[in-house]
$ cat final-v7.cif   # mmCIF, C-alpha atoms
data_input
loop_
_atom_site.label_atom_id
_atom_site.label_comp_id
_atom_site.auth_asym_id
_atom_site.auth_seq_id
_atom_site.Cartn_x
_atom_site.Cartn_y
_atom_site.Cartn_z
CA MET N 1 0.00 0.00 0.00
CA ARG N 2 1.50 3.33 -1.00
CA THR N 3 0.53 6.95 -0.59
CA CYS N 4 1.71 9.49 -3.12
CA ARG N 5 0.95 12.88 -4.62
CA ASN N 6 -0.90 13.17 -7.88
CA ARG N 7 0.71 15.06 -10.81
CA SER N 8 -1.69 16.18 -13.49
CA TYR N 9 -1.40 17.88 -16.87
CA VAL N 10 -4.08 20.46 -17.56
CA THR N 11 -4.97 20.91 -21.23
CA ILE N 12 -6.32 24.42 -20.82
CA ASN N 13 -4.97 25.94 -17.63
CA SER N 14 -7.30 28.68 -16.42
CA TRP N 15 -4.49 30.59 -14.70
CA ALA N 16 -2.43 30.73 -17.88
CA VAL N 17 -5.49 31.67 -19.92
CA GLU N 18 -6.24 34.52 -17.53
CA ILE N 19 -2.73 35.93 -18.01
CA PHE N 20 -3.15 35.56 -21.76
CA LEU N 21 -6.49 37.37 -21.70
CA THR N 22 -5.06 40.20 -19.56
CA LYS N 23 -2.20 40.77 -21.97
CA LYS N 24 -4.55 40.65 -24.95
CA ALA N 25 -6.91 43.10 -23.25
CA LYS N 26 -4.09 45.60 -22.73
CA LYS N 27 -3.07 45.18 -26.35
CA SER N 28 -6.71 45.63 -27.38
CA GLU N 29 -7.01 48.87 -25.41
CA SER N 30 -3.91 50.24 -27.07
CA GLN N 31 -5.14 49.32 -30.55
CA GLU N 32 -8.62 50.60 -29.77
CA CYS N 33 -7.30 54.04 -28.80
CA SER N 34 -5.43 54.30 -32.08
CA SER N 35 -8.56 53.43 -34.05
CA HIS N 36 -10.30 56.66 -32.92
CA GLY N 37 -13.64 55.01 -32.27
CA ASN N 38 -13.85 52.99 -35.43
CA SER N 39 -16.58 50.45 -34.53
CA ARG N 40 -15.69 48.07 -37.36
CA SER N 41 -12.09 47.87 -36.17
CA ARG N 42 -13.24 47.18 -32.61
CA LEU N 43 -15.50 44.31 -33.74
CA LYS N 44 -12.70 42.80 -35.80
CA LEU N 45 -10.36 43.10 -32.82
CA LEU N 46 -12.81 41.36 -30.49
CA ASP N 47 -13.38 38.57 -33.00
CA SER N 48 -9.63 38.10 -33.37
CA LEU N 49 -9.23 37.95 -29.60
CA LEU N 50 -11.94 35.28 -29.28
CA GLN N 51 -10.48 33.13 -32.05
CA GLU N 52 -6.98 33.27 -30.57
CA THR N 53 -8.31 32.41 -27.12
CA LEU N 54 -10.30 29.40 -28.38
CA ALA N 55 -7.28 28.15 -30.31
CA LEU N 56 -5.06 28.39 -27.26
CA VAL N 57 -3.84 25.04 -25.94
CA ILE N 58 -1.40 25.18 -23.07
CA LEU N 59 0.19 22.05 -21.63
CA ILE N 60 1.55 23.00 -18.23
CA PRO N 61 2.38 20.42 -15.54
CA VAL N 62 0.43 21.27 -12.41
CA VAL N 63 0.98 19.51 -9.10
CA MET N 64 -2.47 18.96 -7.68
CA ASN N 65 -2.87 18.61 -3.92
CA ALA N 66 -4.77 15.37 -4.45
CA ARG N 67 -4.14 12.68 -1.88
CA SER N 68 -3.58 9.37 -3.66
CA HIS N 69 -4.01 5.98 -1.99
CA ILE N 70 -3.00 2.81 -3.84
CA PHE N 71 -3.92 -0.79 -2.97
CA GLU N 72 -2.62 -3.92 -4.68
CA LEU N 73 -4.63 -7.14 -4.72
CA ALA N 74 -4.21 -10.63 -6.19
CA VAL N 75 -7.53 -12.35 -6.75
CA GLU N 76 -9.06 -15.17 -8.72
CA ALA N 77 -11.36 -14.02 -11.52
CA TRP N 78 -14.54 -14.88 -9.60
CA GLN N 79 -13.41 -12.71 -6.64
CA THR N 80 -12.59 -9.56 -8.62
CA GLU N 81 -15.82 -7.60 -8.23
CA GLU N 82 -16.33 -8.33 -4.54
CA ALA N 83 -12.71 -7.50 -3.68
CA ILE N 84 -12.89 -4.11 -5.41
CA LEU N 85 -16.32 -3.25 -3.99
CA SER N 86 -15.00 -4.17 -0.52
CA ILE N 87 -12.62 -1.21 -0.82
CA LEU N 88 -14.48 1.37 -2.91
CA HIS N 89 -17.86 1.08 -1.16
CA PRO N 90 -16.49 1.95 2.34
CA VAL N 91 -14.57 4.88 0.85
CA LEU N 92 -17.70 6.17 -0.89
CA PHE N 93 -19.72 5.71 2.31
CA HIS N 94 -17.36 8.04 4.18
CA ARG N 95 -17.53 10.61 1.37
CA THR N 96 -21.35 10.72 1.24
CA THR N 97 -23.72 12.97 3.18
CA GLY N 98 -27.47 13.25 3.49
CA LYS N 99 -29.39 15.57 1.19
CA PHE N 100 -29.03 19.29 1.93
CA SER N 101 -32.17 21.37 2.53
CA TYR N 102 -31.40 25.09 2.33
CA GLN N 103 -33.48 27.63 4.25
CA LEU N 104 -31.22 30.55 3.24
CA GLU N 105 -28.22 30.86 0.92
CA SER N 106 -25.82 29.61 3.63
CA SER N 107 -28.23 28.02 6.12
CA TYR N 108 -29.16 24.37 5.64
CA SER N 109 -30.06 21.11 7.33
CA VAL N 110 -28.59 17.73 6.39
CA GLY N 111 -30.56 14.52 5.98
CA THR N 112 -29.51 11.11 7.25
CA VAL N 113 -27.36 8.47 5.52
CA GLY N 114 -28.21 4.82 6.02
CA TYR N 115 -25.73 1.95 5.76
CA GLU N 116 -25.82 -1.77 4.97
CA ASP N 117 -23.51 -4.66 5.89
CA VAL N 118 -22.71 -6.82 2.87
CA ASP N 119 -21.46 -10.41 3.25
CA CYS N 120 -19.22 -11.50 0.38
CA ASP N 121 -20.00 -14.77 -1.39
CA CYS N 122 -16.48 -15.45 -2.69
CA ILE N 123 -14.36 -14.03 0.17
CA ASP N 124 -14.50 -14.41 3.94
CA HIS N 125 -15.25 -10.74 4.45
CA THR N 126 -18.05 -8.28 5.26
CA PHE N 127 -18.01 -4.63 4.18
CA VAL N 128 -20.20 -1.58 4.66
CA ARG N 129 -21.89 0.41 1.93
CA THR N 130 -24.23 3.38 1.70
CA ALA N 131 -27.90 2.38 1.74
CA SER N 132 -28.61 3.88 -1.67
CA PRO N 133 -29.68 1.57 -4.53
CA GLY N 134 -28.78 4.20 -7.12
CA LEU N 135 -25.27 4.74 -5.77
CA ASP N 136 -24.68 0.99 -5.43
CA CYS N 137 -25.91 0.37 -8.99
CA LEU N 138 -23.60 3.02 -10.45
CA LEU N 139 -20.51 1.68 -8.66
CA ARG N 140 -21.33 -1.96 -9.45
CA ARG N 141 -21.78 -1.12 -13.13
CA GLU N 142 -18.32 0.45 -13.34
CA VAL N 143 -16.65 -2.37 -11.38
CA SER N 144 -18.42 -5.02 -13.46
CA ALA N 145 -17.25 -3.39 -16.71
CA PHE N 146 -13.67 -3.37 -15.40
CA ALA N 147 -13.87 -7.03 -14.32
CA GLU N 148 -15.12 -8.04 -17.78
CA GLU N 149 -12.26 -6.17 -19.44
CA LEU N 150 -9.80 -8.01 -17.19
CA LYS N 151 -11.25 -11.40 -18.11
CA LYS N 152 -11.03 -10.63 -21.84
CA SER N 153 -7.50 -9.20 -21.75
CA SER N 154 -4.66 -11.33 -23.10
CA GLY N 155 -1.41 -12.19 -21.35
CA LEU N 156 -1.01 -10.91 -17.79
CA LYS N 157 -4.52 -10.12 -16.58
CA SER N 158 -3.92 -7.00 -14.54
CA GLY N 159 -5.26 -3.48 -14.40
CA GLN N 160 -6.38 -0.72 -12.09
CA ILE N 161 -9.57 1.05 -11.16
CA SER N 162 -9.72 4.45 -9.45
CA LEU N 163 -12.33 6.33 -7.47
CA GLU N 164 -11.53 10.03 -7.90
CA PHE N 165 -13.15 12.80 -5.88
CA PHE N 166 -13.07 16.30 -7.33
CA GLN N 167 -14.63 19.71 -7.05
CA ARG N 168 -15.57 22.09 -9.84
CA LYS N 169 -14.13 25.56 -10.23
CA ARG N 170 -15.87 28.20 -12.31
CA THR N 171 -13.69 29.61 -15.07
CA ARG N 172 -13.94 32.60 -17.35
CA TRP N 173 -16.17 32.47 -20.39
CA PRO N 174 -16.09 30.61 -22.79
CA PHE N 175 -14.43 27.75 -20.91
CA PRO N 176 -16.38 25.09 -18.99
CA PRO N 177 -15.85 24.57 -15.24
CA GLU N 178 -12.53 23.00 -14.33
CA ASN N 179 -12.57 19.69 -12.39
CA ILE N 180 -9.94 19.73 -9.64
CA PRO N 181 -9.26 16.32 -8.00
CA TRP N 182 -8.59 16.34 -4.26
CA GLU N 183 -8.53 12.61 -3.41
CA VAL N 184 -7.92 9.46 -5.48
CA TRP N 185 -8.30 5.83 -4.35
CA THR N 186 -6.77 3.27 -6.72
CA VAL N 187 -7.04 -0.52 -6.62
CA ARG N 188 -4.50 -2.42 -8.71
CA VAL N 189 -5.67 -5.94 -9.46
CA GLU N 190 -3.91 -9.02 -10.78
CA ILE N 191 -5.87 -12.15 -11.59
CA VAL N 192 -4.17 -15.39 -10.52
CA SER N 193 -5.05 -19.04 -11.10
CA LEU N 194 -4.57 -21.37 -8.16
CA ALA N 195 -3.81 -25.05 -8.66
CA ASN N 196 -6.35 -26.81 -6.45
CA GLU N 197 -9.31 -26.38 -4.12
CA SER N 198 -7.09 -26.37 -1.04
CA GLU N 199 -5.22 -23.31 -2.29
CA ARG N 200 -8.49 -21.61 -3.23
CA LEU N 201 -9.97 -22.10 0.23
CA GLY N 202 -6.77 -20.85 1.85
CA TRP N 203 -6.64 -17.76 -0.34
CA ARG N 204 -10.33 -17.05 0.23
CA GLU N 205 -9.56 -16.74 3.95
CA LYS N 206 -6.25 -14.89 3.47
CA LEU N 207 -7.81 -12.37 1.08
CA GLY N 208 -10.46 -11.65 3.71
CA GLU N 209 -7.66 -10.78 6.18
CA VAL N 210 -6.00 -8.54 3.60
CA LEU N 211 -9.27 -6.67 2.99
CA CYS N 212 -9.77 -6.21 6.74
CA GLU N 213 -6.37 -4.49 6.88
CA LYS N 214 -7.34 -2.24 3.97
CA THR N 215 -10.63 -1.35 5.69
CA LEU N 216 -8.80 -0.35 8.88
CA TYR N 217 -6.46 1.82 6.81
CA ILE N 218 -9.45 3.53 5.16
CA ALA N 219 -10.96 4.25 8.60
CA GLU N 220 -7.64 5.73 9.80
CA VAL N 221 -7.43 8.02 6.77
CA MET N 222 -11.02 9.21 7.19
CA ASN N 223 -10.35 10.10 10.85
CA LYS N 224 -7.44 12.39 9.93
CA HIS N 225 -8.00 16.14 9.69
CA GLU N 226 -7.14 16.50 6.02
CA PHE N 227 -8.54 18.67 3.27
CA VAL N 228 -12.09 18.16 2.06
CA PRO N 229 -14.03 20.87 0.19
CA LYS N 230 -15.82 23.21 2.56
CA MET N 231 -19.59 23.07 2.80
CA PRO N 232 -20.97 25.21 -0.04
CA ASN N 233 -23.66 27.85 -0.22
CA SER N 234 -26.85 26.96 -2.06
CA SER N 235 -25.63 28.45 -5.36
CA ASP N 236 -22.38 26.44 -5.22
CA LEU N 237 -23.84 23.08 -4.14
CA GLU N 238 -23.26 21.35 -7.49
CA LEU N 239 -19.62 22.47 -7.52
CA VAL N 240 -18.94 20.17 -4.55
CA PHE N 241 -21.66 17.48 -4.39
CA ASP N 242 -23.43 15.17 -6.82
CA THR N 243 -27.11 16.05 -6.43
CA SER N 244 -28.44 13.52 -8.96
CA PHE N 245 -29.33 10.90 -6.31
CA HIS N 246 -32.68 11.27 -4.59
CA ASP N 247 -31.66 9.77 -1.25
CA VAL N 248 -28.00 10.73 -0.63
CA GLN N 249 -25.47 13.32 -1.69
CA PRO N 250 -21.90 12.07 -2.35
CA HIS N 251 -19.00 14.37 -3.09
CA LEU N 252 -18.47 14.71 -6.83
CA PHE N 253 -16.66 11.61 -8.05
CA LYS N 254 -15.83 9.57 -11.12
CA VAL N 255 -14.63 6.02 -11.67
CA CYS N 256 -11.79 5.37 -14.13
CA HIS N 257 -10.31 2.00 -15.06
CA SER N 258 -7.68 0.56 -17.36
CA THR N 259 -6.32 -2.88 -18.16
CA ALA N 260 -3.07 -1.52 -19.61
CA ASN N 261 0.30 -1.90 -17.90
CA VAL N 262 -0.09 -0.16 -14.54
CA GLY N 263 3.61 0.17 -13.78
CA SER N 264 3.84 -2.47 -11.07
CA ALA N 265 5.32 -5.93 -10.94
CA GLY N 266 2.09 -7.12 -9.34
CA VAL N 267 1.52 -9.62 -6.58
CA GLY N 268 1.73 -12.81 -8.63
CA VAL N 269 0.65 -16.38 -8.07
CA ASN N 270 4.01 -17.33 -6.49
CA THR N 271 3.60 -14.61 -3.87
CA VAL N 272 0.08 -15.86 -3.17
CA ARG N 273 1.36 -19.39 -2.61
CA ARG N 274 4.15 -18.13 -0.34
CA LEU N 275 1.62 -16.20 1.75
CA LEU N 276 -0.52 -19.32 2.01
CA LYS N 277 2.47 -21.39 3.18
CA ASP N 278 3.38 -18.74 5.76
CA THR N 279 -0.20 -18.74 7.03
CA LEU N 280 -0.31 -22.53 7.35
CA ALA N 281 3.06 -22.57 9.13
CA ILE N 282 1.80 -20.29 11.94
#

$ encode --input "final-v7.cif" --output "C-alpha cells"
Amino acid sequence: MRTCRNRSYVTINSWAVEIFLTKKAKKSESQECSSHGNSRSRLKLLDSLLQETLALVILIPVVMNARSHIFELAVEAWQTEEAILSILHPVLFHRTTGKFSYQLESSYSVGTVGYEDVDCDCIDHTFVRTASPGLDCLLRREVSAFAEELKKSSGLKSGQISLEFFQRKRTRWPFPPENIPWEVWTVRVEIVSLANESERLGWREKLGEVLCEKTLYIAEVMNKHEFVPKMPNSSDLELVFDTSFHDVQPHLFKVCHSTANVGSAGVGVNTVRRLLKDTLAI
C-alpha cells in the first residue's frame, strides 16, 4: 500500500489563460485608442481575440494537492468484483452525506445516511456500503465493466480502477468549469489461477484478512484532519456534491479504469502461494 501525490497535466490551464487574456486586453485597449472610435475595427479586434483564445492550448504540468491511496490485490477471476467493492464502497460511504435542505443561501439542514452490511459470497469478508440503490448500482456497473475487461485481456490479466473525488471551479467564459481532484483511491488488481481447491480455500480466507487491513487503513485516513471541500452555499452546491441521487449526496466523483500496464510488478501467483504457506506454518 503506497501513498503518493498526484501530478496532473491540464490541457487548458485557467491561470495561464487569464494571463493571456489580460495581456490581450491591454493590447486591445492600445489598438482601440489608435482606431479613434472605429466600430468596425473594434469588432474585428474582439473577433480576433476570441479566435486566438479558443485556439489556445497550453500544456503545463500542475501539481495537484490530491491525496492518492494505492492498494494492490491478487484475486481469482470470480473474486474480482467483490474484492474491489469491498474497498471502494467503504470509501464512498465516508464521502457521502445526506441531502441538503437550504433555508437561506448559507443556512441548511442535512438529511440522514443509512448503511448496509454486505457479506461477500467469494471471500471471507463483510463490508459496509451506503444504503442507496442508485449509488450501489452506479458503482457496481463500473466495477463489473472493469472485471469483464480483465477477463477478456490477453497475457497478464492485470489493471487498475480508481475512485476520484473532485470539485468544480468556475472559469472565465467561454471555458467550462474545471474539475480539480482532491482525493484518489486506486485498486491495482492481478488475476491469478490457483492449482487446487485447497489453495483456493486458503486464499479465500487470506484475502479476507487482507481486505480487513485495507478497511482499517481507510478508517484511519477518514479520521485524519485532512482537506475536504468546505460546505458550499446553495448556489455552489453542485460544484462540490453530486445532487443527482434522490436519497443521498456524495461528493463529486468519477470512476476510471484501465487494463493496460499499470507500472507495477504485481503480486503474482508465487507470492500468493508463499503467503498461504506462511499462514499454514503459523

$ resolve_selection --input "final-v7.cif" --expression "the PyMOL selection byres ((chain N and resi 120) around 10)" --output "number ranges by chain"
N: 79, 82-83, 85-86, 117-119, 121-127, 208

$ write_last_selection --input "final-v7.cif" --atoms "C-alpha atoms" --output "short mmCIF file (atom, residue, chain, number, x, y, z; two decimals), keeping the file's coordinate frame"
data_model
loop_
_atom_site.label_atom_id
_atom_site.label_comp_id
_atom_site.auth_asym_id
_atom_site.auth_seq_id
_atom_site.Cartn_x
_atom_site.Cartn_y
_atom_site.Cartn_z
CA GLN N 79 -13.41 -12.71 -6.64
CA GLU N 82 -16.33 -8.33 -4.54
CA ALA N 83 -12.71 -7.50 -3.68
CA LEU N 85 -16.32 -3.25 -3.99
CA SER N 86 -15.00 -4.17 -0.52
CA ASP N 117 -23.51 -4.66 5.89
CA VAL N 118 -22.71 -6.82 2.87
CA ASP N 119 -21.46 -10.41 3.25
CA ASP N 121 -20.00 -14.77 -1.39
CA CYS N 122 -16.48 -15.45 -2.69
CA ILE N 123 -14.36 -14.03 0.17
CA ASP N 124 -14.50 -14.41 3.94
CA HIS N 125 -15.25 -10.74 4.45
CA THR N 126 -18.05 -8.28 5.26
CA PHE N 127 -18.01 -4.63 4.18
CA GLY N 208 -10.46 -11.65 3.71
#

$ closest_residue --input "final-v7.cif" --among "N:Ser235, N:Asn223, N:Ser258, N:Thr186" --to "Ile87 of chain N" --atoms "only C-alpha atoms"
N:Thr186

$ residues_around --input "final-v7.cif" --residues "segment 179-185 of chain N" --least-positions-apart "4" --cutoff "6 Å" --atoms "all atoms listed in the file" --output "list of chain:residue names"
N:Ala66, N:Arg67, N:Ser68, N:His69, N:Ser162, N:Leu163, N:Glu164, N:Phe165, N:Phe166, N:Gln167, N:Arg168

$ atom_distance --input "final-v7.cif" --atom1 "atom CA of Asn233 of chain N" --atom2 "atom CA of Pro250 of chain N"
16.0 Å

$ closest_residue --input "final-v7.cif" --among "N:Asn65, N:Thr80, N:His251, N:Leu237" --to "Arg204 of chain N" --atoms "all atoms listed in the file"
N:Thr80

$ closest_residue --input "final-v7.cif" --among "N:Asp242, N:Glu220, N:Asp247, N:Glu149" --to "Val91 of chain N" --atoms "all atoms listed in the file"
N:Glu220

$ atom_distance --input "final-v7.cif" --atom1 "atom CA of Gln103 of chain N" --atom2 "atom CA of Glu178 of chain N"
28.4 Å

$ atom_distance --input "final-v7.cif" --atom1 "atom CA of Lys151 of chain N" --atom2 "atom CA of Ile191 of chain N"
8.5 Å

$ resolve_selection --input "final-v7.cif" --expression "the PyMOL selection byres ((chain N and resi 157-159) around 12)" --output "PDB file with C-alpha atoms, in the frame of the given file"
ATOM      1  CA  PHE N  71      -3.920  -0.790  -2.970  1.00  0.00           C
ATOM      2  CA  GLU N  72      -2.620  -3.920  -4.680  1.00  0.00           C
ATOM      3  CA  LEU N  73      -4.630  -7.140  -4.720  1.00  0.00           C
ATOM      4  CA  ALA N  74      -4.210 -10.630  -6.190  1.00  0.00           C
ATOM      5  CA  VAL N  75      -7.530 -12.350  -6.750  1.00  0.00           C
ATOM      6  CA  GLU N  76      -9.060 -15.170  -8.720  1.00  0.00           C
ATOM      7  CA  ALA N  77     -11.360 -14.020 -11.520  1.00  0.00           C
ATOM      8  CA  THR N  80     -12.590  -9.560  -8.620  1.00  0.00           C
ATOM      9  CA  ILE N  84     -12.890  -4.110  -5.410  1.00  0.00           C
ATOM     10  CA  VAL N 143     -16.650  -2.370 -11.380  1.00  0.00           C
ATOM     11  CA  PHE N 146     -13.670  -3.370 -15.400  1.00  0.00           C
ATOM     12  CA  ALA N 147     -13.870  -7.030 -14.320  1.00  0.00           C
ATOM     13  CA  GLU N 148     -15.120  -8.040 -17.780  1.00  0.00           C
ATOM     14  CA  GLU N 149     -12.260  -6.170 -19.440  1.00  0.00           C
ATOM     15  CA  LEU N 150      -9.800  -8.010 -17.190  1.00  0.00           C
ATOM     16  CA  LYS N 151     -11.250 -11.400 -18.110  1.00  0.00           C
ATOM     17  CA  LYS N 152     -11.030 -10.630 -21.840  1.00  0.00           C
ATOM     18  CA  SER N 153      -7.500  -9.200 -21.750  1.00  0.00           C
ATOM     19  CA  SER N 154      -4.660 -11.330 -23.100  1.00  0.00           C
ATOM     20  CA  GLY N 155      -1.410 -12.190 -21.350  1.00  0.00           C
ATOM     21  CA  LEU N 156      -1.010 -10.910 -17.790  1.00  0.00           C
ATOM     22  CA  GLN N 160      -6.380  -0.720 -12.090  1.00  0.00           C
ATOM     23  CA  ILE N 161      -9.570   1.050 -11.160  1.00  0.00           C
ATOM     24  CA  SER N 162      -9.720   4.450  -9.450  1.00  0.00           C
ATOM     25  CA  THR N 186      -6.770   3.270  -6.720  1.00  0.00           C
ATOM     26  CA  VAL N 187      -7.040  -0.520  -6.620  1.00  0.00           C
ATOM     27  CA  ARG N 188      -4.500  -2.420  -8.710  1.00  0.00           C
ATOM     28  CA  VAL N 189      -5.670  -5.940  -9.460  1.00  0.00           C
ATOM     29  CA  GLU N 190      -3.910  -9.020 -10.780  1.00  0.00           C
ATOM     30  CA  ILE N 191      -5.870 -12.150 -11.590  1.00  0.00           C
ATOM     31  CA  VAL N 192      -4.170 -15.390 -10.520  1.00  0.00           C
ATOM     32  CA  SER N 193      -5.050 -19.040 -11.100  1.00  0.00           C
ATOM     33  CA  CYS N 256     -11.790   5.370 -14.130  1.00  0.00           C
ATOM     34  CA  HIS N 257     -10.310   2.000 -15.060  1.00  0.00           C
ATOM     35  CA  SER N 258      -7.680   0.560 -17.360  1.00  0.00           C
ATOM     36  CA  THR N 259      -6.320  -2.880 -18.160  1.00  0.00           C
ATOM     37  CA  ALA N 260      -3.070  -1.520 -19.610  1.00  0.00           C
ATOM     38  CA  ASN N 261       0.300  -1.900 -17.900  1.00  0.00           C
ATOM     39  CA  VAL N 262      -0.090  -0.160 -14.540  1.00  0.00           C
ATOM     40  CA  GLY N 263       3.610   0.170 -13.780  1.00  0.00           C
ATOM     41  CA  SER N 264       3.840  -2.470 -11.070  1.00  0.00           C
ATOM     42  CA  ALA N 265       5.320  -5.930 -10.940  1.00  0.00           C
ATOM     43  CA  GLY N 266       2.090  -7.120  -9.340  1.00  0.00           C
ATOM     44  CA  VAL N 267       1.520  -9.620  -6.580  1.00  0.00           C
ATOM     45  CA  GLY N 268       1.730 -12.810  -8.630  1.00  0.00           C
ATOM     46  CA  VAL N 269       0.650 -16.380  -8.070  1.00  0.00           C
TER      47      VAL N 269
END
